[in-house]
Every structure is written in C-alpha cells, then in structure tokens.
2 protein chains.
Amino acid sequence: MSLTEPRADEAPAARPDAGKSTRDKGGALMVNSVEKAFRVLYAFGRQHQTLNLSQVAAETGMDLSAAQRFTHTLTRLGYLHKDAETKRFELTAKTLDLGYHFIRGSRLVDRAMPYLMHLSKETEETVNLTMRDATEIIFVSRFLSRHVLNTDVIIGTRMPAYCTAPGIAMLSRLPEDEAMAVIDASDLKAYTPSTTWQREALREKIRQAAAQGYATAFEEVYLGDASIAAPILDHRGRPEGAVNVAVSCSRYSRDDVVTRFSALVIAAAHAVSRV
Amino acid sequence: MSLTEPRADEAPAARPDAGKSTRDKGGALMVNSVEKAFRVLYAFGRQHQTLNLSQVAAETGMDLSAAQRFTHTLTRLGYLHKDAETKRFELTAKTLDLGYHFIRGSRLVDRAMPYLMHLSKETEETVNLTMRDATEIIFVSRFLSRHVLNTDVIIGTRMPAYCTAPGIAMLSRLPEDEAMAVIDASDLKAYTPSTTWQREALREKIRQAAAQGYATAFEEVYLGDASIAAPILDHRGRPEGAVNVAVSCSRYSRDDVVTRFSALVIAAAHAVSRV
DNA sequence: ATAGAGTTTATCGCATAACGATAGAAAGCC
DNA sequence: GGCTTTCTATCGTTATGCGATAAACTCTAT
C-alpha cells in the first residue's frame with residue numbers, strides 16, 4: 001500500500017470534512033461542463049422539440065444561470081438555434097456532424113459497406129449493420145427494402161440486445177459469463193407475446209446461436225418483423241458488430257428465413273470479420 | 001447594430017486590465033470546455049480513425065494535460081473508446097445519439113417523412129430531405145433508389161449550397177441580398193466542368209429557380225448525377241429545407257428530369273410547407 | 001393604462017474546478 | 001542494456017465557470 005508513500009504529511013489532520021467535496025463525480029480528470037452540455041442537448045427530443053430557457057433549466061435540473069450559459073455556448077457552437085422572436089431553442093442539423101464523423105471514421109463501416117450493398121441487392125430486403133453498446137445494439141448502417149419502409153428505425157436507433165437477432169448474435173461470440181452479465185444488466189421484459197425474455201431461455205438462445213453461427217428473432221420487438229443475424233469478429237475474435245437481414249413475417253415462414261438468408265448473412269459477416 | 005455582438009463594453013473606465021485577458025473568446029457566457037470537447041471529438045474522422053493521446057494533443061492544439069482531461073471525460077461519457085492494449089482512442093457508436101435526437105425531435109422531418117416515402121415509391125429514385133447551415137446543405141433524411149447505391153452521401157453529409165439543387169432551391173426563397181450574401185460567403189469553385197460557380201451566373205440561377213419554383217443541378221458536383229429540388233417554407237415563408245430527387249444522367253435527359261419530376265418535388269415540398 | 005406574474009438578459013464577487021507543468025511509470029526501440 | 005517516447009498521476013495556482021441577483025422585457029388581465 002503506502003510503501004511508496006514518501007510522506008503522509010501533506011494534509012494529515014487537514015481534511016476538515018473529508019468525503020465532502022472529494023473531487024469525485026467521475027474521477028479527478030473529469031471536466032463536468034462537458035457532461036452538462038450534453039445534458040442540455042439531450043433535453044430536446046421527441047417530447048420536447050423546442051424549449052425555452054426556463055424549460056431547459058427545469059428539464060436538466062440546472063439553475064437558470066447554468067442553463068443560460070450552456071444554451072449560449074451551444075448556440076454559439078451551432079448545435080442549438082434560438083428563435084429570435086419566440087426565444088425558444090431547438091436542435092440544429094449540425095448535431096448530425098458528430099455521428100457523421102463516426103461513420104466516416106469507422107473501419108468497420110468502411111469494410112462492411114460493400115458487403116451490405118451486395119446483400120441488399122441479392123436479397124432485396126432490409127439489411128442492417130449494428131454495434132453493441134453495453135446492453136443495447138445501435139443501428140449504424142441501414143439499407144431499406146422498398147417493401148417495408150419502417151420509419152421508426154433509423155441510424156442511431158437503439159434496441160435491447162437480448163431481444164434482437166444482432167444482439168444475440170454478438171453475445172454468442174462472447175465468453176458465456178460475459179454474455180450473461182449483459183443479460184443480467186438488461187431490463188428484461190416481453191415486448192410482444194413472442195419475446196424471449198427469461199434468463200435461462202436467453203442463455204439457451206445464445207448457446208444455440210453460438211452453435212449455428214447465426215441468430216434469429218421472430219416478432220420479439222415488433223409484431224410482423226423477422227430478423228436473422230451473424231456476428232462480425234475483430235482480430236482477436238471478439239464480436240464488434242453484426243449483419244442482419246430483416247423481413248416481414250407475412251412473406252416468409254420461419255424456415256424460409258433460415259434457409260434463404262442464413263448462409264448469406266454468415267458469409268457477409270465472415271467477409272467483414274478480421275478473425 | 002450588432003445585436004449579436006456581446007458589446008465590447010462601452011463601460012469605459014472600469015476594467016483595470018482591459019484588453020488583456022478580457023473574458024472574450026465568444027462572450028462572457030461561453031463555457032470553453034464544451035468547445036474543447038468537440039475539438040477532441042472532431043479530431044477523429046476519415047484521416048484519423050484512431051488516435052493516441054499525444055496525437056489528440058497535436059491534432060487539437062491542446063497540451064497533454066488538456067488532451068488527457070478531455071479524452072478521459074469523453075471516454076467516461078461513452079463517446080470515446082480506449083483500447084486497453086494499444087492505448088488508442090476511437091469514436092464509439094454513441095456519437096450517433098445526438099443526431100438521433102435531432103431527427104426524432106425535428107418537426108420538419110416528422111412532417112416530411114410520409115411525403116418523402118410517397119415520392120420514393122412513386123419515382124423509384126433517390127429522394128432526399130436537406131436543410132441549410134450557412135453556406136452548406138446537410139442531408140437530413142434519405143431514401144435510396146436501388147439503382148445507384150451511392151455510399152458517399154449519407155445522413156449528415158454536407159455540400160456547398162451553391163452547386164446543389166436543394167441549395168439553390170432554398171436560396172431562391174430568400175431575399176436576394178441575403179441569398180447573395182450566402183453566395184459571397186461561399187468558397188466558389190468548379191467541382192466539374194459543369195459547375196455553375198460564378199457569382200452572376202448563380203444570381204441568375206437563383207432568380208430562375210424562384211420563378212420556376214424548383215431548381216436543378218446537372219453534374220455540378222459529381223459527374224453523372226442529376227438532381228431537381230423544391231424548397232420547403234416555414235410559417236413565415238422562409239425556406240427551412242428542400243426536397244429533391246436525384247437520378248443518374250445516363251437514364252434521363254435534362255428535359256426528362258424536369259418533365260417527370262418537377263411537379264412531384266414541388267407538390268411534396270408544398271405539402272410539407274406551412275406557408 | 002397599469003399592475004403583476006413570468007419571462008429573458010446582464011452583472012459581479014467568490015470559490016472551486018479546470019488548468020498546465022512536471023515527475024514517475026510503462027512501453028517501445030535501437 | 002540504455003534510450004526515446006508515450007502514458008499516468010499528482011499538485012499548487014488562478015483563471016474560469018458558478019449562481020445569486022437585479023434589470024429589462026413580454027404578455028395578460030383588469
């Protein structure tokens with residue numbers, strides 16, 4: 001422990017009220033203003049498309065001064081726009097810049113793109129590239145089929161990993177305890193009557209996916225949606241994404257989905273992998 | 001009459017050390033840490049997909065300590081990932097969250113979506129919704145034709161307004177002096193032999209678009225690309241976006257583009273407008 | 001008109017949170 | 001092995017962000 005402690009002197013009896021303002025809100029190096037800025041940006045969304053100053057304050061739990069400072073800052077940086085007459089703020093299209101940089105900089109997306117396009121033409125169905133963030137998957141790239149134009153799922157959409165084919169596919173290439181830790185951290189619930197949401201059933205599903213090399217999900221989140229996915233592995237064999245094909249249940253039986261698409265998604269995922 | 005100028009303090013006497021560290025780096029309310037955080041995030045991109053700490057410092061012009069603090073902060077917030085063994089950082093898919101919130105919260109996108117989908121099915125061609133940010137347009141929503149799968153233009157892509165159909169369409173509904181101010185602020189140049197890039201020619205183009213209600217662009221940025229666009233107006237009649245159809249020159253003559261699509265894009269844009 | 005509530009905008013002294021230099025640890029590289 | 005380079009951790013200082021407050025608006029009702 002304090003073998004290396006040269007002198008425990010610096011502030012021995014000091015600390016009048018230790019534990020109080022211990023600069024701990026996420027480490028000594030944390031710059032809290034950054035988190036606050038994002039809190040303000042995320043106050044906007046489906047519910048609150050525009051907000052005035054006091055609403056920003058209320059919504060973020062900051063006082064008026066802080067709300068003022070951060071809206072000012074973000075407006076100046078171009079992420080917020082303030083309507084001169086209504087004095088209300090809203091997000092600008094500049095907020096797309098950050099994600100754009102990510103997509104453009106992602107080696108994974110870069111490698112995957114041609115195979116996704118190929119798969120899209122081949123199948124004429126919706127094809128997605130997803131990545132995992134803790135217990136969720138995020139849609140990173142998406143080629144829509146012209147049949148179903150689902151406007152609800154777009155780039156950046158998140159879904160729980162446990163009830164999606166790409167999620168299970170990725171978990172299936174993790175050490176089982178790690179996969180189960182993800183499951184345990186998830187808020188398990190049945191979105192539809194077909195949702196697999198029980199711990200042990202999910203463990204079985206993951207094992208099966210591991211054995212088969214692909215995962216399926218039939219109406220687990222949206223009724224009428226079927227999906228089949230295969231994991232993309234990085235150079236150490238860890239899953240860094242998944243490719244999936246999504247179709248309407250009305251046009252394919254479960255067996256059809258597997259026989260028509262399993263080999264294709266596996267091939268695409270394998271081609272993108274760096275094993 | 002600079003309403004936006006933070007006013008260089010006509011309060012004269014005060015300020016003992018005026019002019020020195022006058023808290024002026026964009027107004028007294030500016031929280032500089034926020035700007036620095038974005039500087040770090042934008043250091044990543046096509047050129048630099050991954051960066052180590054010193055590269056971040058170099059790339060952003062910050063000292064090591066600052067780079068350390070901001071990479072730490074952004075990693076903790078989930079926007080950066082640090083590879084444990086290579087010690088290199090890269091952007092995570094979480095960077096898509098911000099743009100996702102914007103899309104989801106945008107009344108414009110909300111209103112436009114059904115018409116874009118309709119237009120997409122009707123024409124079977126690529127359909128876009130764009131907005132303007134100063135001299136540029138930003139692609140906000142996009143329905144790809146299955147013919148041309150252009151992987152270069154994605155959500156968040158920026159292009160100069162002056163050489164795109166949506167850009168000219170939006171400018172055509174601005175007071176002419178305002179439109180020309182945008183032109184003058186642009187870095188005018190010829191991307192292809194067909195690019196209209198001279199000031200007066202652009203003025204004429206804008207006037208014509210105003211008269212016609214739509215704008216066209218033939219191979220002005222990419223060879224082989226043709227585009228026709230109409231402006232979307234907000235409740236005061238100001239342009240807040242544009243709808244366009246993009247096709248391959250090889251499949252349509254210039255006249256074809258106009259006769260087949262002009263009425264459609266105008267109708268769609270009009271339906272979305274709130275005049 | 002006038003008061004009055006609910007805003008937004010501007011100011012300012014204070015304490016803290018961010019700063020930046022530096023030194024120790026660790027990892028590569030001759 | 002010594003050497004360079006990069007990462008991690010620590011620490012005293014003060015500029016920087018904080019937050020209370022007051023002034024200036026805006027709207028609404030009377």
# chains A, B, ... in the order shown; residues from 1 in each chain; ligands from 1
>>> calpha_fit_rmsd(fixed="chain A", moving="chain B")
3.4 Å
>>> residues_around(residues="D:DT30", least_positions_apart="5", cutoff="12 Å", atoms="only C-alpha atoms (C1' of nucleotides)", output="mmCIF file with all heavy atoms, in the first residue's frame")
data_model
loop_
_atom_site.group_PDB
_atom_site.id
_atom_site.type_symbol
_atom_site.label_atom_id
_atom_site.label_comp_id
_atom_site.auth_asym_id
_atom_site.auth_seq_id
_atom_site.Cartn_x
_atom_site.Cartn_y
_atom_site.Cartn_z
ATOM 1 P P DA C 1 -52.329 55.709 -23.475
ATOM 2 O OP1 DA C 1 -51.060 55.691 -24.113
ATOM 3 O OP2 DA C 1 -53.322 56.690 -23.223
ATOM 4 O "O5'" DA C 1 -52.424 54.801 -22.326
ATOM 5 C "C5'" DA C 1 -52.232 53.895 -21.441
ATOM 6 C "C4'" DA C 1 -52.726 54.214 -20.023
ATOM 7 O "O4'" DA C 1 -53.822 53.323 -19.685
ATOM 8 C "C3'" DA C 1 -51.680 53.932 -18.983
ATOM 9 O "O3'" DA C 1 -51.978 54.637 -17.776
ATOM 10 C "C2'" DA C 1 -51.814 52.442 -18.800
ATOM 11 C "C1'" DA C 1 -53.312 52.213 -18.964
ATOM 12 N N9 DA C 1 -53.628 51.000 -19.745
ATOM 13 C C8 DA C 1 -53.389 50.776 -21.080
ATOM 14 N N7 DA C 1 -53.786 49.591 -21.483
ATOM 15 C C5 DA C 1 -54.329 49.010 -20.339
ATOM 16 C C6 DA C 1 -54.924 47.754 -20.106
ATOM 17 N N6 DA C 1 -55.082 46.854 -21.054
ATOM 18 N N1 DA C 1 -55.341 47.494 -18.847
ATOM 19 C C2 DA C 1 -55.180 48.440 -17.896
ATOM 20 N N3 DA C 1 -54.647 49.647 -18.006
ATOM 21 C C4 DA C 1 -54.233 49.868 -19.260
ATOM 22 P P DT C 2 -50.907 54.752 -16.595
ATOM 23 O OP1 DT C 2 -51.282 55.838 -15.682
ATOM 24 O OP2 DT C 2 -49.621 54.751 -17.285
ATOM 25 O "O5'" DT C 2 -51.075 53.377 -15.823
ATOM 26 C "C5'" DT C 2 -52.240 53.168 -15.022
ATOM 27 C "C4'" DT C 2 -52.064 51.876 -14.227
ATOM 28 O "O4'" DT C 2 -52.427 50.748 -15.057
ATOM 29 C "C3'" DT C 2 -50.626 51.636 -13.761
ATOM 30 O "O3'" DT C 2 -50.667 51.172 -12.423
ATOM 31 C "C2'" DT C 2 -50.107 50.590 -14.731
ATOM 32 C "C1'" DT C 2 -51.373 49.800 -15.045
ATOM 33 N N1 DT C 2 -51.401 49.087 -16.354
ATOM 34 C C2 DT C 2 -52.102 47.911 -16.463
ATOM 35 O O2 DT C 2 -52.708 47.419 -15.553
ATOM 36 N N3 DT C 2 -52.075 47.335 -17.716
ATOM 37 C C4 DT C 2 -51.410 47.810 -18.830
ATOM 38 O O4 DT C 2 -51.463 47.216 -19.901
ATOM 39 C C5 DT C 2 -50.686 49.044 -18.651
ATOM 40 C C7 DT C 2 -49.943 49.653 -19.803
ATOM 41 C C6 DT C 2 -50.707 49.614 -17.432
ATOM 42 P P DA C 3 -49.374 51.073 -11.528
ATOM 43 O OP1 DA C 3 -49.414 52.084 -10.460
ATOM 44 O OP2 DA C 3 -48.197 50.995 -12.411
ATOM 45 O "O5'" DA C 3 -49.650 49.644 -10.877
ATOM 46 C "C5'" DA C 3 -50.996 49.253 -10.610
ATOM 47 C "C4'" DA C 3 -51.100 47.727 -10.719
ATOM 48 O "O4'" DA C 3 -51.075 47.344 -12.105
ATOM 49 C "C3'" DA C 3 -49.973 46.969 -10.024
ATOM 50 O "O3'" DA C 3 -50.525 45.877 -9.317
ATOM 51 C "C2'" DA C 3 -49.090 46.516 -11.181
ATOM 52 C "C1'" DA C 3 -50.127 46.293 -12.269
ATOM 53 N N9 DA C 3 -49.618 46.370 -13.644
ATOM 54 C C8 DA C 3 -48.774 47.308 -14.166
ATOM 55 N N7 DA C 3 -48.497 47.125 -15.440
ATOM 56 C C5 DA C 3 -49.200 45.982 -15.768
ATOM 57 C C6 DA C 3 -49.327 45.244 -16.963
ATOM 58 N N6 DA C 3 -48.716 45.589 -18.101
ATOM 59 N N1 DA C 3 -50.111 44.148 -16.953
ATOM 60 C C2 DA C 3 -50.716 43.806 -15.818
ATOM 61 N N3 DA C 3 -50.680 44.404 -14.620
ATOM 62 C C4 DA C 3 -49.897 45.496 -14.672
ATOM 63 P P DG C 4 -49.699 45.163 -8.196
ATOM 64 O OP1 DG C 4 -50.376 45.415 -6.916
ATOM 65 O OP2 DG C 4 -48.279 45.535 -8.387
ATOM 66 O "O5'" DG C 4 -49.843 43.626 -8.566
ATOM 67 C "C5'" DG C 4 -50.636 43.204 -9.677
ATOM 68 C "C4'" DG C 4 -49.985 42.033 -10.379
ATOM 69 O "O4'" DG C 4 -49.534 42.451 -11.702
ATOM 70 C "C3'" DG C 4 -48.739 41.488 -9.671
ATOM 71 O "O3'" DG C 4 -48.777 40.056 -9.713
ATOM 72 C "C2'" DG C 4 -47.583 42.007 -10.519
ATOM 73 C "C1'" DG C 4 -48.212 41.988 -11.908
ATOM 74 N N9 DG C 4 -47.559 42.862 -12.879
ATOM 75 C C8 DG C 4 -46.868 44.016 -12.615
ATOM 76 N N7 DG C 4 -46.390 44.591 -13.699
ATOM 77 C C5 DG C 4 -46.795 43.746 -14.729
ATOM 78 C C6 DG C 4 -46.578 43.843 -16.133
ATOM 79 O O6 DG C 4 -45.967 44.719 -16.733
ATOM 80 N N1 DG C 4 -47.158 42.781 -16.808
ATOM 81 C C2 DG C 4 -47.866 41.758 -16.219
ATOM 82 N N2 DG C 4 -48.345 40.834 -17.033
ATOM 83 N N3 DG C 4 -48.080 41.661 -14.920
ATOM 84 C C4 DG C 4 -47.518 42.680 -14.235
#
>>> interface_residues(of="chain C", to="chain A", cutoff="9 Å", atoms="only C-alpha atoms (C1' of nucleotides)", output="ChimeraX atom specification")
/C:7-8,17-18
>>> write_last_selection(atoms="C-alpha atoms (C1' of nucleotides)", output="PDB file, in the first residue's frame")
ATOM      1  C1'  DT C   7     -40.018  35.617 -18.612  1.00  0.00           C
ATOM      2  C1'  DT C   8     -35.110  36.648 -20.506  1.00  0.00           C
ATOM      3  C1'  DA C  17     -12.990  23.325 -10.753  1.00  0.00           C
ATOM      4  C1'  DA C  18     -10.185  23.259 -14.510  1.00  0.00           C
TER       5       DA C  18
END
>>> interface_residues(of="chain B", to="chain A", cutoff="6 Å", atoms="only C-alpha atoms", output="list in words")
Leu29, Met30, Val31, Val34, Gly45, Arg46, Gln49, Arg69, Thr73, Leu91, Thr95, Leu96, Asp97, Leu98, Gly99, Tyr100, His101, Phe102, Arg104, Gly105 and Gly156 of chain B
>>> write_last_selection(atoms="C-alpha atoms", output="mmCIF file, in the first residue's frame")
data_model
loop_
_atom_site.group_PDB
_atom_site.id
_atom_site.type_symbol
_atom_site.label_atom_id
_atom_site.label_comp_id
_atom_site.auth_asym_id
_atom_site.auth_seq_id
_atom_site.Cartn_x
_atom_site.Cartn_y
_atom_site.Cartn_z
ATOM 1 C CA LEU B 29 -21.187 33.301 -21.004
ATOM 2 C CA MET B 30 -19.148 30.958 -23.115
ATOM 3 C CA VAL B 31 -18.126 27.719 -21.440
ATOM 4 C CA VAL B 34 -17.531 22.467 -24.297
ATOM 5 C CA GLY B 45 -12.509 11.224 -38.853
ATOM 6 C CA ARG B 46 -11.643 9.761 -42.204
ATOM 7 C CA GLN B 49 -9.686 6.812 -37.337
ATOM 8 C CA ARG B 69 -8.590 15.510 -19.291
ATOM 9 C CA THR B 73 -14.084 12.857 -19.824
ATOM 10 C CA LEU B 91 -15.209 7.257 -31.601
ATOM 11 C CA THR B 95 -21.843 9.539 -31.157
ATOM 12 C CA LEU B 96 -24.937 8.746 -33.202
ATOM 13 C CA ASP B 97 -27.192 9.579 -30.257
ATOM 14 C CA LEU B 98 -27.081 13.310 -30.731
ATOM 15 C CA GLY B 99 -28.128 13.256 -34.358
ATOM 16 C CA TYR B 100 -30.750 10.695 -33.500
ATOM 17 C CA HIS B 101 -32.292 13.087 -31.016
ATOM 18 C CA PHE B 102 -32.299 15.809 -33.619
ATOM 19 C CA ARG B 104 -36.547 12.402 -33.742
ATOM 20 C CA GLY B 105 -37.285 15.848 -32.434
ATOM 21 C CA GLY B 156 -25.059 14.296 -42.134
#
>>> residues_around(residues="C:DG24", least_positions_apart="2", cutoff="10 Å", atoms="only C-alpha atoms (C1' of nucleotides)", output="PyMOL selection string")
(chain C and resi 22+26) or (chain D and resi 8-10)
>>> select_by_dssp(residues="stretch 16-202 of chain A", states="strand (DSSP E)", output="JSON, numbers by chain")
{"A": [51, 52, 80, 81, 82, 88, 89, 90, 91, 126, 127, 128, 129, 130, 131, 132, 133, 136, 137, 138, 139, 140, 141, 142, 143, 158, 159, 160]}
>>> residues_around(residues="A:Val148", least_positions_apart="6", cutoff="10 Å", atoms="only C-alpha atoms (C1' of nucleotides)", output="list in words")
Glu125, Thr126, Ala246, Val247 and Ser248 of chain A
>>> write_last_selection(atoms="all heavy atoms", output="CSV table (one decimal), in the first residue's frame")
chain,number,residue,atom,x,y,z
A,125,GLU,N,-34.1,-7.2,-49.5
A,125,GLU,CA,-34.7,-7.0,-48.2
A,125,GLU,C,-33.9,-6.0,-47.4
A,125,GLU,O,-32.8,-5.6,-47.8
A,125,GLU,CB,-34.8,-8.3,-47.5
A,125,GLU,CG,-35.6,-9.4,-48.1
A,125,GLU,CD,-37.1,-9.0,-48.1
A,125,GLU,OE1,-37.5,-8.1,-47.4
A,125,GLU,OE2,-37.9,-9.7,-48.9
A,126,THR,N,-34.4,-5.6,-46.3
A,126,THR,CA,-33.7,-4.6,-45.5
A,126,THR,C,-32.5,-5.3,-44.8
A,126,THR,O,-32.6,-6.4,-44.3
A,126,THR,CB,-34.7,-4.1,-44.4
A,126,THR,OG1,-35.8,-3.4,-45.0
A,126,THR,CG2,-33.9,-3.2,-43.4
A,246,ALA,N,-33.7,-8.2,-42.3
A,246,ALA,CA,-35.0,-8.1,-41.7
A,246,ALA,C,-36.0,-8.2,-42.7
A,246,ALA,O,-36.0,-7.5,-43.8
A,246,ALA,CB,-35.1,-6.8,-40.9
A,247,VAL,N,-37.0,-9.0,-42.4
A,247,VAL,CA,-38.1,-9.2,-43.4
A,247,VAL,C,-39.4,-9.2,-42.7
A,247,VAL,O,-39.5,-9.2,-41.4
A,247,VAL,CB,-38.0,-10.5,-44.1
A,247,VAL,CG1,-36.7,-10.6,-44.9
A,247,VAL,CG2,-38.1,-11.7,-43.2
A,248,SER,N,-40.5,-9.2,-43.4
A,248,SER,CA,-41.8,-9.2,-42.9
A,248,SER,C,-42.2,-10.7,-42.7
A,248,SER,O,-42.1,-11.5,-43.6
A,248,SER,CB,-42.8,-8.5,-43.8
A,248,SER,OG,-44.1,-8.9,-43.4
>>> select_by_dssp(residues="stretch 41-214 of chain A", states="alpha helix (DSSP H)", output="JSON, numbers by chain")
{"A": [41, 42, 53, 54, 55, 56, 57, 58, 59, 60, 64, 65, 66, 67, 68, 69, 70, 71, 72, 73, 74, 75, 76, 77, 96, 97, 98, 99, 100, 101, 102, 103, 104, 105, 107, 108, 109, 110, 111, 112, 113, 114, 115, 116, 117, 118, 119, 120, 121, 122, 123, 165, 166, 167, 168, 169, 170, 171, 176, 177, 178, 179, 180, 181, 182, 183, 184, 185, 199, 200, 201, 202, 203, 204, 205, 206, 207, 208, 209, 210, 211, 212]}
>>> atom_distance(atom1="atom CA of B:Gly237", atom2="atom CA of B:Val265")
17.5 Å
>>> residues_around(residues="stretch 203-218 of chain B", least_positions_apart="6", cutoff="9 Å", atoms="only C-alpha atoms (C1' of nucleotides)", output="count of residues only")
34
>>> interface_residues(of="chain D", to="chain B", cutoff="12 Å", atoms="only C-alpha atoms (C1' of nucleotides)", output="PyMOL selection string")
chain D and resi 5-10+15-18
>>> atom_distance(atom1="atom CA of A:Arg111", atom2="atom CA of A:Val272")
6.0 Å
>>> atom_distance(atom1="atom CA of A:Asp177", atom2="atom CA of A:Ala134")
14.3 Å
